[in-house]
$ cat structure-v6.cif   # mmCIF, C-alpha atoms and all ligand atoms
data_my_file
#
loop_
_atom_site.label_atom_id
_atom_site.label_comp_id
_atom_site.auth_asym_id
_atom_site.auth_seq_id
_atom_site.Cartn_x
_atom_site.Cartn_y
_atom_site.Cartn_z
CA MET Y 1097 9.34 14.93 45.28
CA ALA Y 1098 5.89 15.51 43.93
CA LEU Y 1099 4.89 19.01 42.96
CA SER Y 1100 2.23 19.05 45.65
CA ASP Y 1101 4.94 18.33 48.23
CA ARG Y 1102 6.99 21.23 47.01
CA ILE Y 1103 3.99 23.52 47.25
CA ALA Y 1104 3.27 22.29 50.73
CA ASP Y 1105 6.85 23.09 51.67
CA GLY Y 1106 6.27 26.64 50.57
CA SER Y 1107 9.65 26.39 48.89
CA ALA Y 1108 9.49 29.04 46.22
CA SER Y 1109 13.02 28.38 45.02
CA GLU Y 1110 12.26 24.70 44.65
CA ARG Y 1111 9.20 25.54 42.66
CA ARG Y 1112 11.10 27.96 40.50
CA ARG Y 1113 13.73 25.31 39.81
CA SER Y 1114 11.04 22.95 38.69
CA ARG Y 1115 9.89 25.50 36.19
CA SER Y 1116 13.26 26.62 34.94
CA GLY Y 1117 14.12 23.00 34.40
CA GLY Y 1118 11.66 22.98 31.57
CA ALA Y 1119 9.20 20.87 33.51
CA SER Y 1120 6.32 23.13 32.72
CA LEU Y 1121 3.43 21.01 33.84
CA PRO Y 1122 0.46 20.37 31.59
CA MET Y 1123 -2.99 21.07 32.90
CA VAL Y 1124 -4.36 18.03 34.64
CA PRO Y 1125 -7.08 16.18 32.73
CA ILE Y 1126 -10.56 17.49 33.25
CA ASP Y 1127 -13.02 15.06 34.73
CA SER Y 1128 -16.18 15.41 32.68
CA THR Y 1129 -18.26 13.84 35.42
CA ARG Y 1130 -17.74 16.76 37.75
CA PRO Y 1131 -20.82 18.82 38.48
CA THR Y 1132 -21.47 22.24 37.08
CA LEU Y 1133 -19.42 25.05 38.55
CA SER Y 1134 -22.05 27.62 39.24
CA HIS Y 1135 -23.77 28.07 42.58
CA PRO Y 1136 -27.48 28.36 41.89
CA ASP Y 1137 -28.39 28.18 45.54
CA MET Y 1138 -26.95 31.19 47.27
CA HIS Y 1139 -29.70 31.55 49.84
CA ARG Y 1140 -28.67 28.47 51.75
CA PRO Y 1141 -26.99 29.06 55.08
CA PRO Y 1142 -23.20 29.19 55.04
CA SER Y 1143 -22.90 25.76 56.66
CA ASP Y 1144 -24.21 24.23 53.46
CA GLU Y 1145 -22.45 26.49 51.02
CA ALA Y 1146 -19.62 25.73 48.73
CA PRO Y 1147 -20.61 22.44 47.16
CA ASP Y 1148 -17.41 22.86 45.18
CA ASP Y 1149 -15.41 23.10 48.31
CA ALA Y 1150 -12.99 20.25 48.88
CA SER Y 1151 -13.41 20.54 52.64
CA GLY Y 1152 -17.08 19.74 52.42
CA ALA Y 1153 -18.45 16.33 53.26
CA GLY Y 1154 -18.32 13.85 50.41
CA LEU Y 1155 -18.37 16.47 47.71
CA ASP Y 1156 -16.83 16.54 44.31
CA VAL Y 1157 -13.32 15.55 45.23
CA ASP Y 1158 -12.00 13.22 42.60
CA PRO Y 1159 -11.57 9.68 43.88
CA GLU Y 1160 -7.99 9.67 42.73
CA GLY Y 1161 -7.30 13.06 44.21
CA PRO Y 1162 -5.48 13.65 47.49
CA ARG Y 1163 -7.20 12.69 50.69
CA VAL Y 1164 -8.77 15.75 52.18
CA ALA Y 1165 -9.35 15.67 55.91
CA GLY Y 1166 -12.98 15.64 56.83
CA ARG Y 1167 -14.42 14.86 53.43
CA HIS Y 1168 -16.43 11.98 54.86
CA ARG Y 1169 -17.41 13.69 58.06
CA PRO Y 1170 -21.09 14.19 58.72
CA SER Y 1171 -21.76 17.78 57.72
CA SER Y 1172 -23.34 18.56 61.09
CA LEU Y 1173 -20.01 18.39 62.91
CA PRO Y 1174 -18.26 21.67 63.56
CA THR Y 1175 -15.63 21.94 60.88
CA ASP Y 1176 -12.84 23.02 63.17
CA VAL Y 1177 -12.72 19.70 64.96
CA ALA Y 1178 -11.62 17.97 61.78
CA GLU Y 1179 -8.62 15.77 62.09
CA GLY Y 1180 -5.76 16.32 59.70
CA PRO Y 1181 -4.44 19.67 58.47
CA ALA Y 1182 -5.88 22.70 60.23
CA PRO Y 1183 -8.34 24.64 58.09
CA SER Y 1184 -6.11 27.67 58.36
CA THR Y 1185 -3.41 25.98 56.30
CA ARG Y 1186 -5.66 25.74 53.28
CA VAL Y 1187 -6.18 28.70 51.03
CA ARG Y 1188 -9.74 29.58 50.05
CA VAL Y 1189 -9.67 30.41 46.37
CA LEU Y 1190 -12.64 32.03 44.67
CA ILE Y 1191 -12.62 31.59 40.88
CA VAL Y 1192 -14.92 33.64 38.66
CA ASP Y 1193 -14.77 32.67 35.03
CA GLY Y 1194 -17.41 32.52 32.30
CA ASP Y 1195 -15.47 29.72 30.65
CA ALA Y 1196 -16.57 26.71 32.68
CA ALA Y 1197 -13.94 24.40 31.21
CA ALA Y 1198 -11.11 26.78 32.09
CA ALA Y 1199 -12.48 27.24 35.58
CA ARG Y 1200 -12.74 23.50 36.01
CA ALA Y 1201 -9.16 22.97 34.96
CA ALA Y 1202 -7.89 25.66 37.32
CA THR Y 1203 -9.99 24.21 40.11
CA GLN Y 1204 -8.49 20.79 39.68
CA VAL Y 1205 -4.95 22.12 39.72
CA LEU Y 1206 -5.52 24.21 42.83
CA ARG Y 1207 -7.29 21.42 44.67
CA ARG Y 1208 -5.35 18.38 43.67
CA MET Y 1209 -1.89 19.82 43.44
CA GLY Y 1210 -2.17 22.78 45.79
CA GLY Y 1211 -4.55 21.26 48.34
CA HIS Y 1212 -6.55 24.50 48.30
CA ARG Y 1213 -10.26 24.98 48.87
CA VAL Y 1214 -11.80 26.22 45.67
CA THR Y 1215 -15.21 27.68 44.91
CA THR Y 1216 -16.12 28.72 41.40
CA PHE Y 1217 -18.75 30.91 39.82
CA THR Y 1218 -19.61 31.85 36.28
CA ASP Y 1219 -21.78 34.74 37.48
CA PRO Y 1220 -19.83 37.63 39.05
CA GLU Y 1221 -22.84 38.97 40.96
CA MET Y 1222 -23.31 35.64 42.68
CA ALA Y 1223 -19.62 35.48 43.41
CA LEU Y 1224 -19.84 38.84 45.19
CA ARG Y 1225 -22.81 37.65 47.23
CA TYR Y 1226 -20.83 34.56 48.15
CA LEU Y 1227 -17.94 36.78 49.18
CA ASP Y 1228 -20.29 38.76 51.41
CA VAL Y 1229 -21.32 35.64 53.24
CA THR Y 1230 -18.28 33.43 53.22
CA GLY Y 1231 -15.22 35.44 52.29
CA ALA Y 1232 -12.12 34.12 50.52
CA ASP Y 1233 -8.36 34.36 50.73
CA ILE Y 1234 -7.78 35.10 47.06
CA LEU Y 1235 -9.84 35.95 43.98
CA LEU Y 1236 -9.01 34.57 40.56
CA ALA Y 1237 -11.07 36.69 38.17
CA ASP Y 1238 -11.26 36.30 34.44
CA HIS Y 1239 -11.15 39.61 32.66
CA ASP Y 1240 -13.80 38.63 30.13
CA VAL Y 1241 -16.37 37.19 32.49
CA PRO Y 1242 -19.85 38.01 31.16
CA GLY Y 1243 -21.72 40.73 32.99
CA MET Y 1244 -18.73 42.38 34.66
CA ARG Y 1245 -15.16 42.98 33.66
CA GLY Y 1246 -12.60 41.22 35.78
CA SER Y 1247 -11.09 44.50 36.93
CA GLU Y 1248 -14.48 45.77 38.12
CA LEU Y 1249 -15.02 42.48 39.91
CA VAL Y 1250 -11.71 42.91 41.74
CA ARG Y 1251 -12.68 46.45 42.67
CA GLN Y 1252 -16.02 45.38 44.10
CA ALA Y 1253 -14.55 42.36 45.88
CA ARG Y 1254 -11.98 44.59 47.59
CA ARG Y 1255 -14.72 46.93 48.67
CA ARG Y 1256 -15.98 43.95 50.65
CA ILE Y 1257 -12.62 42.57 51.71
CA PRO Y 1258 -9.96 45.27 51.62
CA GLY Y 1259 -6.62 44.07 50.37
CA LEU Y 1260 -8.02 40.81 49.07
CA PRO Y 1261 -5.29 39.21 46.93
CA ALA Y 1262 -6.47 39.06 43.33
CA ILE Y 1263 -5.19 37.56 40.10
CA LEU Y 1264 -6.64 38.51 36.73
CA THR Y 1265 -6.73 35.98 33.93
CA ALA Y 1266 -7.36 36.66 30.26
CA ALA Y 1267 -7.41 34.76 27.01
CA THR Y 1268 -6.66 37.84 24.95
CA PRO Y 1269 -4.69 40.39 26.94
CA SER Y 1270 -4.79 44.04 25.96
CA VAL Y 1271 -2.83 47.12 26.90
CA GLU Y 1272 -5.94 48.62 28.43
CA MET Y 1273 -6.36 45.58 30.63
CA ALA Y 1274 -2.72 45.66 31.74
CA VAL Y 1275 -3.02 49.34 32.66
CA GLU Y 1276 -6.15 48.59 34.64
CA ALA Y 1277 -4.41 45.72 36.41
CA VAL Y 1278 -1.54 47.97 37.45
CA ARG Y 1279 -3.92 50.68 38.61
CA LEU Y 1280 -5.79 48.16 40.74
CA ARG Y 1281 -2.57 46.65 42.02
CA VAL Y 1282 -3.73 43.15 41.22
CA ASP Y 1283 -1.19 40.60 42.33
CA ASP Y 1284 -0.72 39.04 38.92
CA LEU Y 1285 -2.00 38.85 35.40
CA LEU Y 1286 -2.05 35.38 33.88
CA ILE Y 1287 -2.60 34.62 30.22
CA LYS Y 1288 -4.68 31.61 29.26
CA PRO Y 1289 -4.22 28.75 28.83
CA LEU Y 1290 -2.94 28.66 32.38
CA VAL Y 1291 0.13 26.63 33.26
CA ALA Y 1292 -0.39 24.54 36.37
CA ALA Y 1293 2.91 25.28 38.10
CA GLU Y 1294 2.68 28.99 37.36
CA LEU Y 1295 -0.87 29.17 38.68
CA LEU Y 1296 0.13 27.42 41.91
CA ASP Y 1297 3.13 29.70 42.29
CA LYS Y 1298 1.19 32.88 41.75
CA VAL Y 1299 -1.59 31.92 44.14
CA ALA Y 1300 0.89 30.91 46.84
CA ASP Y 1301 2.93 34.10 46.37
CA ALA Y 1302 -0.08 36.41 46.45
CA VAL Y 1303 -1.48 34.83 49.59
CA ALA Y 1304 1.94 34.87 51.26
CA ARG Y 1305 2.33 38.58 50.48
CA ALA Y 1306 -1.08 39.32 51.98
CA GLY Y 1307 -0.26 37.21 55.02
CA SER Y 1308 2.93 39.11 55.67
CA SER Y 1309 1.21 42.47 55.48
CA GLY Y 1310 0.21 42.22 59.15
CA ARG Y 1311 -3.47 42.72 58.50
CA GLU Y 1312 -5.78 41.37 61.14
CA ARG Y 1313 -8.96 39.40 60.66
CA VAL Y 1314 -11.36 40.69 63.26
CA LEU Y 1315 -14.55 39.01 64.43
CA ALA Y 1316 -16.99 40.81 66.72
CA VAL Y 1317 -19.75 38.66 68.19
CA GLY Y 1318 -22.87 40.27 69.65
CA ALA Y 1319 -26.18 38.90 70.85
CA HIS Y 1320 -28.40 41.59 69.29
CA PRO Y 1321 -28.26 44.26 66.63
CA ASP Y 1322 -26.38 47.30 68.03
CA ASP Y 1323 -24.45 45.40 70.74
CA VAL Y 1324 -21.24 45.26 68.75
CA GLU Y 1325 -21.51 48.84 67.51
CA ILE Y 1326 -21.98 50.16 71.05
CA GLY Y 1327 -19.28 47.99 72.61
CA VAL Y 1328 -16.54 48.04 70.03
CA GLY Y 1329 -17.73 50.21 67.10
CA GLY Y 1330 -14.93 52.75 67.37
CA THR Y 1331 -12.25 50.09 67.61
CA LEU Y 1332 -13.69 48.27 64.60
CA LEU Y 1333 -13.47 51.50 62.62
CA SER Y 1334 -9.83 51.77 63.62
CA HIS Y 1335 -9.26 48.22 62.45
CA ARG Y 1336 -10.79 49.10 59.09
CA ALA Y 1337 -8.66 52.21 58.85
CA SER Y 1338 -5.65 49.93 59.31
CA GLY Y 1339 -6.82 47.72 56.45
CA ASP Y 1340 -7.99 44.89 58.67
CA GLN Y 1341 -10.91 42.68 57.72
CA VAL Y 1342 -13.85 43.08 60.05
CA THR Y 1343 -16.79 40.69 60.39
CA ILE Y 1344 -19.74 41.26 62.72
CA LEU Y 1345 -21.70 38.22 63.85
CA THR Y 1346 -25.07 39.08 65.36
CA LEU Y 1347 -26.76 36.06 66.84
CA SER Y 1348 -30.33 37.28 67.08
CA GLY Y 1349 -32.48 39.54 64.95
CA GLY Y 1350 -33.54 41.37 68.08
CA ALA Y 1351 -37.25 40.75 67.51
CA ARG Y 1352 -38.09 41.85 71.07
CA GLY Y 1353 -36.74 45.24 70.23
CA GLY Y 1354 -38.96 45.84 67.23
CA ASN Y 1355 -39.73 44.72 63.72
CA LYS Y 1356 -37.24 42.08 62.64
CA ALA Y 1357 -36.93 43.21 59.03
CA SER Y 1358 -36.29 46.80 59.97
CA ARG Y 1359 -33.75 45.79 62.61
CA ARG Y 1360 -31.92 43.78 59.96
CA ARG Y 1361 -31.87 46.77 57.63
CA GLU Y 1362 -30.56 48.91 60.45
CA ALA Y 1363 -27.86 46.37 61.26
CA GLU Y 1364 -26.81 46.26 57.61
CA ALA Y 1365 -26.66 50.05 57.46
CA ALA Y 1366 -24.55 50.18 60.63
CA ALA Y 1367 -22.18 47.51 59.31
CA ALA Y 1368 -21.83 49.48 56.09
CA VAL Y 1369 -20.78 52.58 58.06
CA ILE Y 1370 -18.13 50.53 59.83
CA GLY Y 1371 -17.09 48.77 56.62
CA ALA Y 1372 -17.73 45.37 58.15
CA ARG Y 1373 -19.21 42.22 56.75
CA LEU Y 1374 -22.40 41.39 58.66
CA LEU Y 1375 -23.48 37.84 59.44
CA MET Y 1376 -26.87 37.72 61.07
CA GLU Y 1377 -28.28 34.64 62.72
CA ASP Y 1378 -31.82 34.08 63.88
CA LEU Y 1379 -31.58 32.78 67.44
CA GLU Y 1380 -34.51 33.66 69.65
CA ASP Y 1381 -34.17 37.02 71.30
CA THR Y 1382 -33.86 36.67 75.12
CA HIS Y 1383 -33.45 32.89 74.73
CA ILE Y 1384 -29.92 32.63 73.37
CA ARG Y 1385 -28.31 29.56 74.87
CA GLU Y 1386 -24.74 29.19 76.05
CA SER Y 1387 -24.45 25.74 74.44
CA ASP Y 1388 -25.56 24.67 70.98
CA PRO Y 1389 -26.74 25.96 68.63
CA THR Y 1390 -24.89 29.10 69.73
CA VAL Y 1391 -21.50 27.41 70.06
CA ALA Y 1392 -21.87 25.66 66.70
CA ILE Y 1393 -22.81 28.92 64.96
CA ILE Y 1394 -19.80 30.77 66.34
CA GLU Y 1395 -17.50 27.84 65.56
CA ARG Y 1396 -18.72 27.77 61.99
CA VAL Y 1397 -18.07 31.48 61.57
CA ILE Y 1398 -14.63 31.15 63.17
CA THR Y 1399 -13.78 28.42 60.68
CA GLU Y 1400 -14.83 30.68 57.83
CA VAL Y 1401 -13.33 33.94 59.02
CA ARG Y 1402 -10.24 32.54 60.78
CA PRO Y 1403 -10.08 35.58 63.04
CA THR Y 1404 -6.88 36.79 64.63
CA ILE Y 1405 -8.89 38.82 67.15
CA ILE Y 1406 -12.32 38.19 68.67
CA TYR Y 1407 -14.42 40.74 70.52
CA THR Y 1408 -17.54 39.67 72.39
CA HIS Y 1409 -19.69 40.41 75.42
CA SER Y 1410 -18.35 40.39 78.95
CA ILE Y 1411 -19.62 37.79 81.41
CA ASN Y 1412 -20.19 40.71 83.79
CA ASP Y 1413 -23.56 41.66 82.35
CA VAL Y 1414 -27.11 41.44 83.64
CA HIS Y 1415 -28.57 40.40 80.27
CA GLN Y 1416 -28.76 36.62 79.96
CA ASP Y 1417 -28.28 36.75 76.16
CA HIS Y 1418 -25.06 38.68 76.63
CA ARG Y 1419 -23.72 36.29 79.26
CA ASN Y 1420 -24.64 33.25 77.19
CA THR Y 1421 -23.09 34.76 74.09
CA HIS Y 1422 -19.93 35.31 76.09
CA SER Y 1423 -19.89 31.72 77.35
CA ALA Y 1424 -20.58 30.24 73.92
CA ALA Y 1425 -17.90 32.44 72.35
CA MET Y 1426 -15.37 31.29 74.96
CA VAL Y 1427 -15.98 27.67 73.98
CA ALA Y 1428 -15.97 28.36 70.25
CA SER Y 1429 -12.82 30.49 70.40
CA ARG Y 1430 -10.86 28.18 72.68
CA SER Y 1431 -8.03 27.75 70.20
CA LEU Y 1432 -7.71 31.43 69.28
CA PRO Y 1433 -4.95 33.51 70.81
CA TYR Y 1434 -6.59 36.88 71.34
CA VAL Y 1435 -10.01 37.37 72.92
CA LEU Y 1436 -11.34 40.65 74.31
CA CYS Y 1437 -14.68 41.50 75.92
CA PHE Y 1438 -16.48 44.78 75.42
CA GLN Y 1439 -18.77 46.72 77.68
CA SER Y 1440 -22.50 46.69 76.99
CA PRO Y 1441 -24.91 49.18 78.52
CA SER Y 1442 -26.13 46.28 80.68
CA ALA Y 1443 -22.63 45.49 82.00
CA THR Y 1444 -22.39 45.25 85.76
CA ILE Y 1445 -20.05 47.13 88.05
CA ALA Y 1446 -17.84 44.05 87.95
CA PHE Y 1447 -16.82 44.88 84.36
CA ARG Y 1448 -13.13 45.43 84.87
CA PRO Y 1449 -11.21 46.31 81.74
CA SER Y 1450 -7.47 46.19 81.36
CA ARG Y 1451 -7.08 47.17 77.73
CA PHE Y 1452 -7.94 50.59 76.43
CA VAL Y 1453 -8.17 51.61 72.79
CA SER Y 1454 -8.39 55.23 71.75
CA ILE Y 1455 -11.38 55.95 69.56
CA GLU Y 1456 -10.75 59.67 69.48
CA HIS Y 1457 -10.65 59.64 65.70
CA THR Y 1458 -13.43 57.14 65.19
CA LEU Y 1459 -15.97 58.22 67.80
CA GLU Y 1460 -18.02 60.21 65.30
CA GLY Y 1461 -18.08 57.24 62.93
CA LYS Y 1462 -19.17 55.00 65.79
CA LEU Y 1463 -22.04 57.35 66.62
CA GLU Y 1464 -23.02 57.47 62.96
CA ALA Y 1465 -23.18 53.66 62.88
CA ILE Y 1466 -25.30 53.63 66.04
CA ARG Y 1467 -27.62 56.24 64.54
CA ALA Y 1468 -28.56 53.59 61.97
CA PHE Y 1469 -30.58 51.94 64.73
CA ASP Y 1470 -33.00 54.81 64.73
CA SER Y 1471 -36.08 52.62 65.29
CA GLN Y 1472 -34.70 51.98 68.76
CA ALA Y 1473 -33.53 55.44 69.66
CA SER Y 1474 -36.81 56.70 71.09
CA THR Y 1475 -37.22 53.75 73.45
CA ARG Y 1476 -33.65 52.90 74.37
CA GLU Y 1477 -31.92 55.31 76.67
CA TYR Y 1478 -28.61 53.58 76.19
CA LEU Y 1479 -28.53 54.83 72.59
CA ASP Y 1480 -28.44 58.39 73.85
CA GLU Y 1481 -25.42 60.03 72.25
CA GLU Y 1482 -24.48 61.98 75.32
CA LEU Y 1483 -24.24 58.77 77.30
CA LEU Y 1484 -22.17 57.11 74.58
CA ARG Y 1485 -19.81 60.08 74.42
CA ALA Y 1486 -19.59 60.27 78.20
CA THR Y 1487 -18.74 56.58 78.46
CA ALA Y 1488 -15.93 56.96 75.93
CA ARG Y 1489 -14.74 60.10 77.69
CA TYR Y 1490 -14.72 58.37 81.06
CA TRP Y 1491 -12.56 55.47 79.92
CA ALA Y 1492 -10.06 57.95 78.49
CA ARG Y 1493 -8.94 58.38 82.11
CA PHE Y 1494 -7.20 55.04 81.74
CA GLY Y 1495 -6.30 55.13 78.07
CA GLY Y 1496 -5.34 58.11 76.02
CA GLY Y 1497 -6.82 61.02 74.16
CA THR Y 1498 -10.38 62.06 74.82
CA ALA Y 1499 -12.37 58.93 73.91
CA VAL Y 1500 -11.62 55.28 74.62
CA GLU Y 1501 -13.26 51.87 74.40
CA ALA Y 1502 -12.39 49.54 77.24
CA PHE Y 1503 -11.95 45.76 77.13
CA GLU Y 1504 -11.52 42.89 79.48
CA VAL Y 1505 -8.74 40.62 78.27
CA VAL Y 1506 -9.82 37.01 78.37
CA ARG Y 1507 -6.85 35.67 76.51
CA ASP Y 1508 -3.73 37.13 74.94
CA ARG Y 1509 -1.32 34.53 73.74
CA ARG Y 1510 0.17 36.77 71.11
CA ARG Y 1511 3.81 37.61 71.35
CA PRO Y 1512 4.32 41.15 72.54
CA SER Y 1513 5.79 43.28 69.83
CA PRO Y 1514 9.20 44.86 70.36
CA THR Y 1515 7.63 48.31 70.03
CA SER Y 1516 5.21 47.65 72.87
CA LEU Y 1517 8.08 46.55 75.10
CA ALA Y 1518 10.17 49.59 74.29
CA SER Y 1519 8.27 51.80 76.70
CA SER Y 1520 7.07 50.82 80.13
CA ALA Y 1521 4.50 53.60 80.14
CA PRO Y 1522 0.97 52.67 79.15
CA LYS Y 1523 0.31 53.91 75.66
CA VAL Y 1524 -2.61 53.95 73.30
CA THR Y 1525 -1.86 54.34 69.65
CA HIS Y 1526 -4.42 56.50 67.93
CA GLY Y 1527 -6.19 54.86 65.06
CA ASP Y 1528 -4.08 51.76 65.34
CA THR Y 1529 -5.34 48.77 67.24
CA ARG Y 1530 -2.28 46.59 66.88
CA PHE Y 1531 -0.20 47.59 69.83
CA VAL Y 1532 -2.67 48.63 72.44
CA VAL Y 1533 -1.17 48.29 75.86
CA SER Y 1534 -2.78 47.63 79.19
CA GLY Y 1535 -3.27 50.66 81.33
ZN ZN Y 1601 -27.86 43.15 73.49
#
$ encode --input "structure-v6.cif" --output "structure tokens"
Amino acid sequence: MALSDRIADGSASERRRSRSGGASLPMVPIDSTRPTLSHPDMHRPPSDEAPDDASGAGLDVDPEGPRVAGRHRPSSLPTDVAEGPAPSTRVRVLIVDGDAAAARAATQVLRRMGGHRVTTFTDPEMALRYLDVTGADILLADHDVPGMRGSELVRQARRRIPGLPAILTAATPSVEMAVEAVRLRVDDLLIKPLVAAELLDKVADAVARAGSSGRERVLAVGAHPDDVEIGVGGTLLSHRASGDQVTILTLSGGARGGNKASRRREAEAAAAVIGARLLMEDLEDTHIRESDPTVAIIERVITEVRPTIIYTHSINDVHQDHRNTHSAAMVASRSLPYVLCFQSPSATIAFRPSRFVSIEHTLEGKLEAIRAFDSQASTREYLDEELLRATARYWARFGGGTAVEAFEVVRDRRRPSPTSLASSAPKVTHGDTRFVVSG
């Protein structure tokens, strides 16, 4: 059995046997023809990012390396229609190392033997910007990377993605570094030169630990700046309080509602209050379509974020952008198990929620996020705080506590948890969005 097969099996004991048997694998040879590891072109849209990524079309996958599904696909195709292994089975590894040769060697091991998707940077600042846009499942940070210590890089990466699994590497370990690693709760500390089997083991273990922690990956899709904050802002704050990853996708800059640049700044400020990653597209305000490019944009983000929950607009809404966003999101999220629709101020009387989440403890944070849209406040009555509070108060009739956000359930294919079945009475768990129950 090849090592890559054992890794694919996820058989830790098998892998351990291979190591204890003295078969410590050498690093695979480095292909000197491979392109440079840095990403000089961070301003490109996410669909073109990651030239080092093995899932990309015709990129730098070694000819003798394993076949990677989709590597010869035209890059315009949505990535989640790729044949072969589902994208979710591949781990997205972000390597940051000033030593390009070491990074290259680690990349080859993780790609060719682990089948992982690997992106590498020599510049930590660029790596953080990449993380903002694209995310990752695990960070492999060298402690001595120029410009930023590895521990600081881990700290800043986790500010963006809470709980991000992280492994520190170092050529010359020190006590100070070990103490820092413990304090940061990094998953592992590996001493260079790295051993292939150990690297694969540690990456697989760290990702498995994170996967078993029950954290959700949440995606909220809105047509305009402020839609998501108004509809689901309190619930997103609860997700963040639970350690979940939250991404906001805003499809339009909202140019009809004011200066585009200032609306973007406001959206960024609001996302910062929530602790969410913000992805902002530039579809034409009031002309968002229900087909492409909207569907393709949402599909691309779903492939990147791999959400476990999606929130988006309700179809019961008088605003055509909201309805079309809903329809496009339904197509793009067709394979996802859990889809909920929030209430916009333009929702119609047909909005009929069946899931109620208490935002009693996050209402003030929600209002703070919405206050970031202050350029709109004087002209938009729906941003009036009294109305926002009253709406949350009203829905508490059906949920719990004194403030609730209400959702239509489009799809819920998740298995009910034993705790939610224990009581037949409707229940809303404060500050915890995992086991919300229909009222
Ligand atoms: Zn809107």
$ closest_residue --input "structure-v6.cif" --among "Y:Arg1510, Y:Arg1485, Y:His1383, Y:Arg1448" --to "ligand ZN 1601 (chain Y)" --atoms "all atoms listed in the file"
Y:His1383
$ residues_around --input "structure-v6.cif" --residues "Thr1390 (chain Y)" --least-positions-apart "3" --cutoff "9 Å" --atoms "all atoms listed in the file" --output "CSV table (one decimal) with C-alpha atoms, in the coordinates of the input"
chain,number,residue,atom,x,y,z
Y,1347,LEU,CA,-26.8,36.1,66.8
Y,1379,LEU,CA,-31.6,32.8,67.4
Y,1384,ILE,CA,-29.9,32.6,73.4
Y,1385,ARG,CA,-28.3,29.6,74.9
Y,1386,GLU,CA,-24.7,29.2,76.0
Y,1387,SER,CA,-24.4,25.7,74.4
Y,1393,ILE,CA,-22.8,28.9,65.0
Y,1394,ILE,CA,-19.8,30.8,66.3
Y,1395,GLU,CA,-17.5,27.8,65.6
Y,1420,ASN,CA,-24.6,33.2,77.2
Y,1421,THR,CA,-23.1,34.8,74.1
Y,1424,ALA,CA,-20.6,30.2,73.9
Y,1425,ALA,CA,-17.9,32.4,72.4
Y,1428,ALA,CA,-16.0,28.4,70.2
$ closest_atom_pairs --input "structure-v6.cif" --of "chain Y" --to "ligand ZN 1601 (chain Y)" --cutoff "8 Å" --atoms "only C-alpha atoms and all ligand atoms" --output "Markdown table"
| residue | atom | partner | partner_atom | distance |
| --- | --- | --- | --- | --- |
| Y:Gly1318 | CA | Y:ZN1601 | ZN | 6.9 |
| Y:Ala1319 | CA | Y:ZN1601 | ZN | 5.3 |
| Y:His1320 | CA | Y:ZN1601 | ZN | 4.5 |
| Y:Pro1321 | CA | Y:ZN1601 | ZN | 7.0 |
| Y:Asp1322 | CA | Y:ZN1601 | ZN | 7.0 |
| Y:Asp1323 | CA | Y:ZN1601 | ZN | 4.9 |
| Y:His1415 | CA | Y:ZN1601 | ZN | 7.4 |
| Y:Asp1417 | CA | Y:ZN1601 | ZN | 6.9 |
| Y:His1418 | CA | Y:ZN1601 | ZN | 6.1 |
| Y:Ser1440 | CA | Y:ZN1601 | ZN | 7.3 |
$ residues_around --input "structure-v6.cif" --residues "region 1396-1413 of chain Y" --least-positions-apart "4" --cutoff "9 Å" --atoms "all atoms listed in the file" --output "short mmCIF file (atom, residue, chain, number, x, y, z; two decimals) with C-alpha atoms, in the frame of the given file"
data_model
loop_
_atom_site.label_atom_id
_atom_site.label_comp_id
_atom_site.auth_asym_id
_atom_site.auth_seq_id
_atom_site.Cartn_x
_atom_site.Cartn_y
_atom_site.Cartn_z
CA PRO Y 1142 -23.20 29.19 55.04
CA SER Y 1143 -22.90 25.76 56.66
CA PRO Y 1174 -18.26 21.67 63.56
CA THR Y 1175 -15.63 21.94 60.88
CA ASP Y 1176 -12.84 23.02 63.17
CA PRO Y 1183 -8.34 24.64 58.09
CA SER Y 1184 -6.11 27.67 58.36
CA THR Y 1230 -18.28 33.43 53.22
CA GLY Y 1231 -15.22 35.44 52.29
CA ALA Y 1232 -12.12 34.12 50.52
CA GLU Y 1312 -5.78 41.37 61.14
CA ARG Y 1313 -8.96 39.40 60.66
CA VAL Y 1314 -11.36 40.69 63.26
CA LEU Y 1315 -14.55 39.01 64.43
CA ALA Y 1316 -16.99 40.81 66.72
CA VAL Y 1317 -19.75 38.66 68.19
CA GLY Y 1318 -22.87 40.27 69.65
CA ALA Y 1319 -26.18 38.90 70.85
CA ASP Y 1323 -24.45 45.40 70.74
CA VAL Y 1324 -21.24 45.26 68.75
CA GLY Y 1327 -19.28 47.99 72.61
CA VAL Y 1328 -16.54 48.04 70.03
CA GLN Y 1341 -10.91 42.68 57.72
CA VAL Y 1342 -13.85 43.08 60.05
CA THR Y 1343 -16.79 40.69 60.39
CA LEU Y 1345 -21.70 38.22 63.85
CA LEU Y 1375 -23.48 37.84 59.44
CA VAL Y 1391 -21.50 27.41 70.06
CA ALA Y 1392 -21.87 25.66 66.70
CA HIS Y 1418 -25.06 38.68 76.63
CA ARG Y 1419 -23.72 36.29 79.26
CA ASN Y 1420 -24.64 33.25 77.19
CA THR Y 1421 -23.09 34.76 74.09
CA HIS Y 1422 -19.93 35.31 76.09
CA SER Y 1423 -19.89 31.72 77.35
CA ALA Y 1425 -17.90 32.44 72.35
CA ALA Y 1428 -15.97 28.36 70.25
CA SER Y 1429 -12.82 30.49 70.40
CA LEU Y 1432 -7.71 31.43 69.28
CA PRO Y 1433 -4.95 33.51 70.81
CA TYR Y 1434 -6.59 36.88 71.34
CA VAL Y 1435 -10.01 37.37 72.92
CA LEU Y 1436 -11.34 40.65 74.31
CA CYS Y 1437 -14.68 41.50 75.92
CA PHE Y 1438 -16.48 44.78 75.42
CA GLN Y 1439 -18.77 46.72 77.68
CA SER Y 1440 -22.50 46.69 76.99
CA PRO Y 1441 -24.91 49.18 78.52
CA SER Y 1442 -26.13 46.28 80.68
CA ALA Y 1443 -22.63 45.49 82.00
CA THR Y 1444 -22.39 45.25 85.76
CA ILE Y 1445 -20.05 47.13 88.05
CA ALA Y 1446 -17.84 44.05 87.95
CA PHE Y 1447 -16.82 44.88 84.36
CA ARG Y 1448 -13.13 45.43 84.87
CA PHE Y 1503 -11.95 45.76 77.13
CA GLU Y 1504 -11.52 42.89 79.48
#
